[in-house]
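Let me begin by presenting the structure, written as structure tokens, before commenting on it.
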Amino acid sequence: MVDETELQNIQFLEQVKFEMDANAVRIKERTPETLTANFNNIMDALRNYYFSYRNQERRFPLLPLNRDRVLKDLNKKASQFNAVFSKTIFSKLVHASDKDLPQDGEGFVVLKSYEKIVQEKGPQTVVKHQGKTDEMIGSNGLVFANSAALPSRSFSGEYVYEIDSRDACVVPLDIADLLSPAKIDEEKYSDALSIFFISKNIMSAEDFKIFFSTYCSIIFDSPEEALLFFKQKYFLPQQACVWESDEEAVRHVSVEKDKEAILKIRKLYVTNGIVPPFCPEWQFKDEVKAREVDLL
């Protein structure tokens, strides 16, 4: 017999599957309205989570906290995190390639999406491109970049190019690394669920800076602690079953402070649908200028 919680989960998954095409279009079109709505919804969820968390931890339970004051403190802390991240995580966006691209007279190269290359050189052109799900969400029309300050599984190639532009959208994780927050029928629901979460978590590059700084200021005591955590634990999203329970989540870390962090991260993902930003991916439409750099 199916209990009520399991029934609700099945109904949710069936709804997500039914909406998969519409969610894929949301990602592919990435309209300003969609990006702004995602940012506002995520920030509301973060503020509600933080105020609830602070309420649970207050020293005098009979004295209610002032929500405005609590959120003012959060904004101040987030601003301090943002100041550090602006010099580290957000300061250098890089793209890796197997090709040594030709430079113009000013030393720039043009990074182009798979679709752009095919459009210019014809369908017989052989380049690395994505699979069926990526095609659905428009990934073949994008150029991807990562922060030089954070490791990424998808970052590979002999030649590294730095992008100055910030006219991009950002997702917290590559869709291929987005594991379900609960046990599911992988074959039946995996693609639909991944598309659902990306469609709710894609935002503009400028809004992402505010989100990431706020998110980290809720989870960590300092921006340096956050940066170290994501550098050392970047592989966590690919760990099997890591989000299925608190017990499973903490099994993948050993330090007590890391356990506290991963439990908060899991709760924000499972309860609020906020994808953990272990490895943000900047996405540029069609093409973008860049310069070859040496990360060493």
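Order determines the names: the first chain of the structure tokens is A, the second B, and so forth; residues in each chain are numbered 1 upward, and ligands are numbered 1 upward as they are shown.
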
If you take only C-alpha atoms and a cut-off of 7 Å, which residues of segment 61-113 of chain A touch segment 204-219 of chain A, and what are their nearest atom pairs and distances in Å to one decimal, in chain and number order, as JSON lines?
```
{"residue": "A:Lys77", "atom": "CA", "partner": "A:Ser217", "partner_atom": "CA", "distance": 6.2}
{"residue": "A:Ala78", "atom": "CA", "partner": "A:Thr214", "partner_atom": "CA", "distance": 4.7}
{"residue": "A:Phe81", "atom": "CA", "partner": "A:Ser213", "partner_atom": "CA", "distance": 5.5}
{"residue": "A:Asn82", "atom": "CA", "partner": "A:Ser213", "partner_atom": "CA", "distance": 5.2}
```

* To do: Write out as a list of chain:residue names the residues lying within 6 Å of segment 148-157 of chain A, counting only C-alpha atoms and excluding same-chain residues fewer than 6 positions away.
  =>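 The contact residues come out as A:Ile89, A:Lys92, A:Leu93, A:Val94, A:Ala96, A:Ser97, A:Asp98, A:Lys231.
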
* Record the distance separating atom CA of Thr31 of chain A and atom CA of Lys200 of chain A, expressed in Å with one decimal. => 12.5 Å

* Asked: Skipping near chain neighbours, those fewer than 3 positions away, what residues fall within 10 Å of Lys257 of chain A using only C-alpha atoms, listed as number ranges by chain?
  -> A: 220-221, 225, 229, 253-254, 260-262

Store the residues picked out above, limited to N, CA and C atoms, as a short mmCIF file (atom, residue, chain, number, x, y, z; two decimals), in the first residue's frame.
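Everything below was put into selection17.cif:
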```cif
data_model
loop_
_atom_site.label_atom_id
_atom_site.label_comp_id
_atom_site.auth_asym_id
_atom_site.auth_seq_id
_atom_site.Cartn_x
_atom_site.Cartn_y
_atom_site.Cartn_z
N PHE A 220 27.89 29.40 5.48
CA PHE A 220 29.26 29.45 6.00
C PHE A 220 29.50 30.69 6.87
N ASP A 221 30.55 30.62 7.69
CA ASP A 221 30.90 31.74 8.55
C ASP A 221 31.68 32.82 7.81
N GLU A 225 35.90 30.34 3.95
CA GLU A 225 35.43 28.99 4.29
C GLU A 225 34.58 28.42 3.17
N PHE A 229 35.49 25.13 0.87
CA PHE A 229 34.54 24.01 0.84
C PHE A 229 34.24 23.60 -0.59
N VAL A 253 31.25 13.43 4.07
CA VAL A 253 32.19 14.42 4.62
C VAL A 253 32.60 13.96 6.01
N SER A 254 33.74 14.46 6.47
CA SER A 254 34.25 13.98 7.76
C SER A 254 34.34 15.08 8.81
N GLU A 260 27.76 20.18 9.05
CA GLU A 260 26.74 21.21 9.27
C GLU A 260 26.40 21.90 7.96
N ALA A 261 27.42 22.17 7.16
CA ALA A 261 27.20 22.84 5.88
C ALA A 261 26.40 21.98 4.92
N ILE A 262 26.76 20.70 4.81
CA ILE A 262 26.10 19.84 3.84
C ILE A 262 24.64 19.59 4.22
#
```

* Proximity to Met136 of chain A - best of A:Ile163, A:Ile184, A:Val270, A:Ala24, only C-alpha atoms -> A:Ala24

* Mind the document's chain letters and residue numbers, and return as a list in words the residues of segment 228-266 of chain A that DSSP labels helix (DSSP H, G or I). =>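 Here is the list: Leu228, Phe229, Phe230, Lys231, Gln232, Leu236, Pro237, Gln238, Asp246, Glu247, Glu248, Ala249, Val250, Glu256, Lys257, Asp258, Lys259, Glu260, Ala261, Ile262, Leu263, Lys264, Ile265 and Arg266 of chain A.
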
How would the residues just picked look written out with N, CA and C atoms as a PDB file, in the first residue's frame?
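Once everything was written out, this is result_19.pdb:
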```
ATOM      1  N   LEU A 228      36.862  27.455   0.149  1.00  0.00           N
ATOM      2  CA  LEU A 228      37.615  26.235   0.441  1.00  0.00           C
ATOM      3  C   LEU A 228      36.710  25.008   0.349  1.00  0.00           C
ATOM      4  N   PHE A 229      35.488  25.127   0.872  1.00  0.00           N
ATOM      5  CA  PHE A 229      34.542  24.007   0.844  1.00  0.00           C
ATOM      6  C   PHE A 229      34.240  23.601  -0.593  1.00  0.00           C
ATOM      7  N   PHE A 230      33.897  24.556  -1.443  1.00  0.00           N
ATOM      8  CA  PHE A 230      33.529  24.227  -2.819  1.00  0.00           C
ATOM      9  C   PHE A 230      34.734  23.759  -3.626  1.00  0.00           C
ATOM     10  N   LYS A 231      35.927  24.218  -3.286  1.00  0.00           N
ATOM     11  CA  LYS A 231      37.136  23.737  -3.959  1.00  0.00           C
ATOM     12  C   LYS A 231      37.410  22.278  -3.604  1.00  0.00           C
ATOM     13  N   GLN A 232      37.223  21.946  -2.333  1.00  0.00           N
ATOM     14  CA  GLN A 232      37.564  20.599  -1.868  1.00  0.00           C
ATOM     15  C   GLN A 232      36.435  19.593  -2.071  1.00  0.00           C
ATOM     16  N   LEU A 236      30.997  16.360  -4.675  1.00  0.00           N
ATOM     17  CA  LEU A 236      29.849  15.860  -3.909  1.00  0.00           C
ATOM     18  C   LEU A 236      28.572  15.665  -4.727  1.00  0.00           C
ATOM     19  N   PRO A 237      28.211  16.603  -5.611  1.00  0.00           N
ATOM     20  CA  PRO A 237      26.973  16.388  -6.366  1.00  0.00           C
ATOM     21  C   PRO A 237      26.959  15.115  -7.205  1.00  0.00           C
ATOM     22  N   GLN A 238      28.128  14.569  -7.536  1.00  0.00           N
ATOM     23  CA  GLN A 238      28.165  13.342  -8.335  1.00  0.00           C
ATOM     24  C   GLN A 238      28.156  12.070  -7.480  1.00  0.00           C
ATOM     25  N   ASP A 246      19.693  12.841   5.320  1.00  0.00           N
ATOM     26  CA  ASP A 246      20.735  13.522   6.082  1.00  0.00           C
ATOM     27  C   ASP A 246      21.892  12.579   6.369  1.00  0.00           C
ATOM     28  N   GLU A 247      21.558  11.341   6.712  1.00  0.00           N
ATOM     29  CA  GLU A 247      22.582  10.357   7.048  1.00  0.00           C
ATOM     30  C   GLU A 247      23.502  10.087   5.848  1.00  0.00           C
ATOM     31  N   GLU A 248      22.898   9.989   4.660  1.00  0.00           N
ATOM     32  CA  GLU A 248      23.691   9.732   3.459  1.00  0.00           C
ATOM     33  C   GLU A 248      24.548  10.937   3.104  1.00  0.00           C
ATOM     34  N   ALA A 249      23.992  12.138   3.308  1.00  0.00           N
ATOM     35  CA  ALA A 249      24.735  13.355   2.983  1.00  0.00           C
ATOM     36  C   ALA A 249      25.993  13.489   3.842  1.00  0.00           C
ATOM     37  N   VAL A 250      25.856  13.339   5.145  1.00  0.00           N
ATOM     38  CA  VAL A 250      27.009  13.533   6.031  1.00  0.00           C
ATOM     39  C   VAL A 250      28.015  12.390   5.924  1.00  0.00           C
ATOM     40  N   GLU A 256      33.346  18.162  11.130  1.00  0.00           N
ATOM     41  CA  GLU A 256      32.058  18.504  11.721  1.00  0.00           C
ATOM     42  C   GLU A 256      31.430  19.744  11.069  1.00  0.00           C
ATOM     43  N   LYS A 257      32.227  20.763  10.801  1.00  0.00           N
ATOM     44  CA  LYS A 257      31.681  21.971  10.170  1.00  0.00           C
ATOM     45  C   LYS A 257      31.185  21.682   8.759  1.00  0.00           C
ATOM     46  N   ASP A 258      31.860  20.767   8.061  1.00  0.00           N
ATOM     47  CA  ASP A 258      31.417  20.376   6.721  1.00  0.00           C
ATOM     48  C   ASP A 258      30.092  19.629   6.798  1.00  0.00           C
ATOM     49  N   LYS A 259      29.910  18.856   7.864  1.00  0.00           N
ATOM     50  CA  LYS A 259      28.643  18.145   8.050  1.00  0.00           C
ATOM     51  C   LYS A 259      27.502  19.143   8.263  1.00  0.00           C
ATOM     52  N   GLU A 260      27.759  20.175   9.054  1.00  0.00           N
ATOM     53  CA  GLU A 260      26.737  21.209   9.274  1.00  0.00           C
ATOM     54  C   GLU A 260      26.398  21.900   7.959  1.00  0.00           C
ATOM     55  N   ALA A 261      27.418  22.174   7.159  1.00  0.00           N
ATOM     56  CA  ALA A 261      27.196  22.844   5.881  1.00  0.00           C
ATOM     57  C   ALA A 261      26.395  21.980   4.924  1.00  0.00           C
ATOM     58  N   ILE A 262      26.762  20.703   4.815  1.00  0.00           N
ATOM     59  CA  ILE A 262      26.100  19.838   3.842  1.00  0.00           C
ATOM     60  C   ILE A 262      24.642  19.587   4.225  1.00  0.00           C
ATOM     61  N   LEU A 263      24.339  19.596   5.515  1.00  0.00           N
ATOM     62  CA  LEU A 263      22.949  19.421   5.940  1.00  0.00           C
ATOM     63  C   LEU A 263      22.102  20.638   5.554  1.00  0.00           C
ATOM     64  N   LYS A 264      22.668  21.828   5.685  1.00  0.00           N
ATOM     65  CA  LYS A 264      21.947  23.036   5.257  1.00  0.00           C
ATOM     66  C   LYS A 264      21.764  23.032   3.743  1.00  0.00           C
ATOM     67  N   ILE A 265      22.812  22.652   3.037  1.00  0.00           N
ATOM     68  CA  ILE A 265      22.765  22.604   1.576  1.00  0.00           C
ATOM     69  C   ILE A 265      21.705  21.611   1.109  1.00  0.00           C
ATOM     70  N   ARG A 266      21.681  20.450   1.758  1.00  0.00           N
ATOM     71  CA  ARG A 266      20.690  19.435   1.385  1.00  0.00           C
ATOM     72  C   ARG A 266      19.274  19.943   1.645  1.00  0.00           C
TER      73      ARG A 266
END
```

* Extract, using only C-alpha atoms, all DNA, RNA and protein residues at most 9 Å from Tyr50 of chain A, discarding same-chain residues fewer than 6 positions from it, and format them as a PyMOL selection string. => chain A and resi 70-71+74+218

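Every protein or nucleic acid residue with an atom no more than 12 Å from Leu35 of chain A, counting only C-alpha atoms and leaving out same-chain residues fewer than 6 positions away, appears here: A:Arg26, A:Ile27, A:Lys28, A:Glu29, A:Asn41, A:Ile42, A:Ala168, A:Cys169, A:Val170, A:Val171, A:Ile198, A:Ser199, A:Lys200, A:Asn201, A:Ile202, A:Met203, A:Ser204, A:Ala205, A:Glu206, A:Asp207, A:Phe208.
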
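Nearest to Asp134 of chain A of all the residues A:Ala37, A:Val25, A:Leu63, A:Ala45 is A:Val25, counting only C-alpha atoms.
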
* Nearby residues (only C-alpha atoms) at most 10 Å from Lys285 of chain A, same-chain spacing under 4 positions excluded, as a VMD selection string -> chain A and resid 112 to 113 116 138 to 144 167 to 169

Write out, as a short mmCIF file (atom, residue, chain, number, x, y, z; two decimals), in the first residue's frame, the residues just selected, with N, CA and C atoms.
```cif
data_model
loop_
_atom_site.label_atom_id
_atom_site.label_comp_id
_atom_site.auth_asym_id
_atom_site.auth_seq_id
_atom_site.Cartn_x
_atom_site.Cartn_y
_atom_site.Cartn_z
N LYS A 112 32.72 29.94 -30.21
CA LYS A 112 31.44 29.76 -30.87
C LYS A 112 30.75 28.49 -30.40
N SER A 113 29.42 28.53 -30.38
CA SER A 113 28.63 27.36 -30.01
C SER A 113 28.64 26.34 -31.14
N LYS A 116 26.48 27.51 -33.96
CA LYS A 116 27.10 28.60 -34.72
C LYS A 116 28.15 28.05 -35.69
N GLY A 138 18.55 23.72 -25.43
CA GLY A 138 19.27 24.73 -26.19
C GLY A 138 20.76 24.81 -25.94
N SER A 139 21.34 23.79 -25.34
CA SER A 139 22.77 23.84 -25.00
C SER A 139 23.66 23.91 -26.23
N ASN A 140 23.19 23.38 -27.35
CA ASN A 140 24.01 23.40 -28.56
C ASN A 140 24.21 24.81 -29.11
N GLY A 141 23.41 25.74 -28.63
CA GLY A 141 23.55 27.13 -29.05
C GLY A 141 24.30 28.00 -28.07
N LEU A 142 25.03 27.36 -27.14
CA LEU A 142 25.68 28.10 -26.06
C LEU A 142 27.19 27.87 -26.03
N VAL A 143 27.89 28.86 -25.50
CA VAL A 143 29.30 28.73 -25.14
C VAL A 143 29.36 28.71 -23.61
N PHE A 144 30.12 27.78 -23.05
CA PHE A 144 30.13 27.58 -21.61
C PHE A 144 31.44 28.08 -20.98
N ASP A 167 27.61 39.11 -20.03
CA ASP A 167 26.29 39.04 -20.63
C ASP A 167 25.91 37.57 -20.79
N ALA A 168 25.59 36.95 -19.67
CA ALA A 168 25.40 35.50 -19.65
C ALA A 168 24.29 35.13 -18.68
N CYS A 169 23.85 33.89 -18.84
CA CYS A 169 23.02 33.26 -17.81
C CYS A 169 23.89 32.30 -17.02
#
```

* Structure fact -> One residue among A:Asn55, A:Asp44, A:Ile137, A:Ser194 is nearest to Arg30 of chain A when using only C-alpha atoms, and that residue is A:Ile137

* Asked: For Glu14 of chain A, which residue among A:Asp100, A:Asp185, A:Glu224, A:Glu281 is the nearest when counting only C-alpha atoms?
  ->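 Counting only C-alpha atoms, the residue closest to Glu14 of chain A is A:Asp185.
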
* To do: Give me every strand (DSSP E) residue in segment 14-263 of chain A, going by DSSP on the backbone, as a PyMOL selection string.
  => chain A and resi 93-97+109-112+142-147+159-163+169-171+203-204

Just-selected residues, N, CA and C atoms written as a tab-separated table (two decimals), in the first residue's frame:
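Below is the file result-v9.tsv, written as the result:
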```tsv
chain	number	residue	atom	x	y	z
A	93	LEU	N	36.43	34.36	-15.64
A	93	LEU	CA	35.66	33.29	-16.26
A	93	LEU	C	36.49	32.69	-17.39
A	94	VAL	N	36.57	31.36	-17.40
A	94	VAL	CA	37.43	30.69	-18.38
A	94	VAL	C	36.69	29.58	-19.11
A	95	HIS	N	37.13	29.36	-20.33
A	95	HIS	CA	36.59	28.32	-21.20
A	95	HIS	C	37.77	27.52	-21.74
A	96	ALA	N	37.68	26.20	-21.70
A	96	ALA	CA	38.77	25.35	-22.19
A	96	ALA	C	38.38	24.71	-23.52
A	97	SER	N	39.36	24.55	-24.38
A	97	SER	CA	39.11	23.98	-25.71
A	97	SER	C	40.30	23.14	-26.14
A	109	VAL	N	40.09	35.99	-29.56
A	109	VAL	CA	39.52	34.87	-30.32
A	109	VAL	C	38.01	34.93	-30.15
A	110	VAL	N	37.29	34.23	-31.01
A	110	VAL	CA	35.84	34.16	-30.89
A	110	VAL	C	35.45	32.72	-30.56
A	111	LEU	N	34.91	32.52	-29.38
A	111	LEU	CA	34.40	31.21	-28.98
A	111	LEU	C	32.99	31.07	-29.53
A	112	LYS	N	32.72	29.94	-30.21
A	112	LYS	CA	31.44	29.76	-30.87
A	112	LYS	C	30.75	28.49	-30.40
A	142	LEU	N	25.03	27.36	-27.14
A	142	LEU	CA	25.68	28.10	-26.06
A	142	LEU	C	27.19	27.87	-26.03
A	143	VAL	N	27.89	28.86	-25.50
A	143	VAL	CA	29.30	28.73	-25.14
A	143	VAL	C	29.36	28.71	-23.61
A	144	PHE	N	30.12	27.78	-23.05
A	144	PHE	CA	30.13	27.58	-21.61
A	144	PHE	C	31.44	28.08	-20.98
A	145	ALA	N	31.33	28.54	-19.74
A	145	ALA	CA	32.51	28.98	-19.01
A	145	ALA	C	32.33	28.68	-17.52
A	146	ASN	N	33.45	28.60	-16.84
A	146	ASN	CA	33.45	28.37	-15.39
A	146	ASN	C	34.32	29.42	-14.71
A	147	SER	N	34.15	29.54	-13.41
A	147	SER	CA	35.04	30.40	-12.65
A	147	SER	C	36.40	29.72	-12.52
A	159	TYR	N	43.81	24.32	-24.41
A	159	TYR	CA	43.86	25.78	-24.53
A	159	TYR	C	42.78	26.41	-23.66
A	160	VAL	N	43.18	27.44	-22.91
A	160	VAL	CA	42.27	28.10	-21.97
A	160	VAL	C	42.08	29.55	-22.39
A	161	TYR	N	40.81	29.97	-22.40
A	161	TYR	CA	40.47	31.32	-22.83
A	161	TYR	C	39.69	32.03	-21.74
A	162	GLU	N	40.06	33.28	-21.49
A	162	GLU	CA	39.36	34.09	-20.49
A	162	GLU	C	38.34	34.99	-21.17
A	163	ILE	N	37.13	35.02	-20.62
A	163	ILE	CA	36.02	35.80	-21.16
A	163	ILE	C	35.79	37.02	-20.27
A	169	CYS	N	23.85	33.89	-18.84
A	169	CYS	CA	23.02	33.26	-17.81
A	169	CYS	C	23.89	32.30	-17.02
A	170	VAL	N	23.47	31.98	-15.81
A	170	VAL	CA	24.25	31.07	-14.96
A	170	VAL	C	23.33	30.00	-14.39
A	171	VAL	N	23.82	28.77	-14.38
A	171	VAL	CA	23.16	27.69	-13.67
A	171	VAL	C	24.10	27.21	-12.57
A	203	MET	N	19.51	31.88	-13.92
A	203	MET	CA	19.31	33.32	-13.66
A	203	MET	C	20.39	34.12	-14.39
A	204	SER	N	20.25	35.43	-14.38
A	204	SER	CA	21.26	36.28	-15.03
A	204	SER	C	22.55	36.26	-14.22
```

* For Tyr53 of chain A, which residue among A:Leu268, A:Phe278, A:Glu120, A:Val293 is the nearest when counting only C-alpha atoms? ->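 Answer, going by the shortest atom-to-atom distance: A:Leu268.
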
* Name the closest residue to Gly273 of chain A among the candidates A:Phe39, A:Phe90, A:Phe51, A:Phe197; distances are taken between atoms, counting only C-alpha atoms. =>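 Between A:Phe39, A:Phe90, A:Phe51, A:Phe197, the residue approaching Gly273 of chain A most closely is A:Phe197.
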
So which residues touch Cys241 of chain A within 9 Å, counting only C-alpha atoms, skipping near sequence neighbours fewer than 2 positions away, as a PDB file with C-alpha atoms, in the first residue's frame?
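Here's the written file part-v6.pdb:
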```pdb
ATOM      1  CA  LEU A 179      21.297  14.310  -9.078  1.00  0.00           C
ATOM      2  CA  SER A 180      17.773  13.847  -7.798  1.00  0.00           C
ATOM      3  CA  PRO A 181      17.088  14.909  -4.184  1.00  0.00           C
ATOM      4  CA  ALA A 182      15.296  11.585  -3.580  1.00  0.00           C
ATOM      5  CA  LYS A 183      15.076   8.026  -4.862  1.00  0.00           C
ATOM      6  CA  GLN A 238      28.165  13.342  -8.335  1.00  0.00           C
ATOM      7  CA  GLN A 239      28.186  11.069  -5.276  1.00  0.00           C
ATOM      8  CA  TRP A 243      20.930  13.962  -1.292  1.00  0.00           C
ATOM      9  CA  GLU A 244      18.571  11.116  -0.335  1.00  0.00           C
ATOM     10  CA  SER A 245      18.852  11.553   3.441  1.00  0.00           C
ATOM     11  CA  GLU A 248      23.691   9.732   3.459  1.00  0.00           C
ATOM     12  CA  ALA A 249      24.735  13.355   2.983  1.00  0.00           C
TER      13      ALA A 249
END
```

* Could you please determine the separation between atom CA of Ser52 of chain A and atom CA of Ser222 of chain A in Å, to one decimal place? =>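 Result for atom CA of Ser52 of chain A versus atom CA of Ser222 of chain A: 20.6 Å, one decimal.
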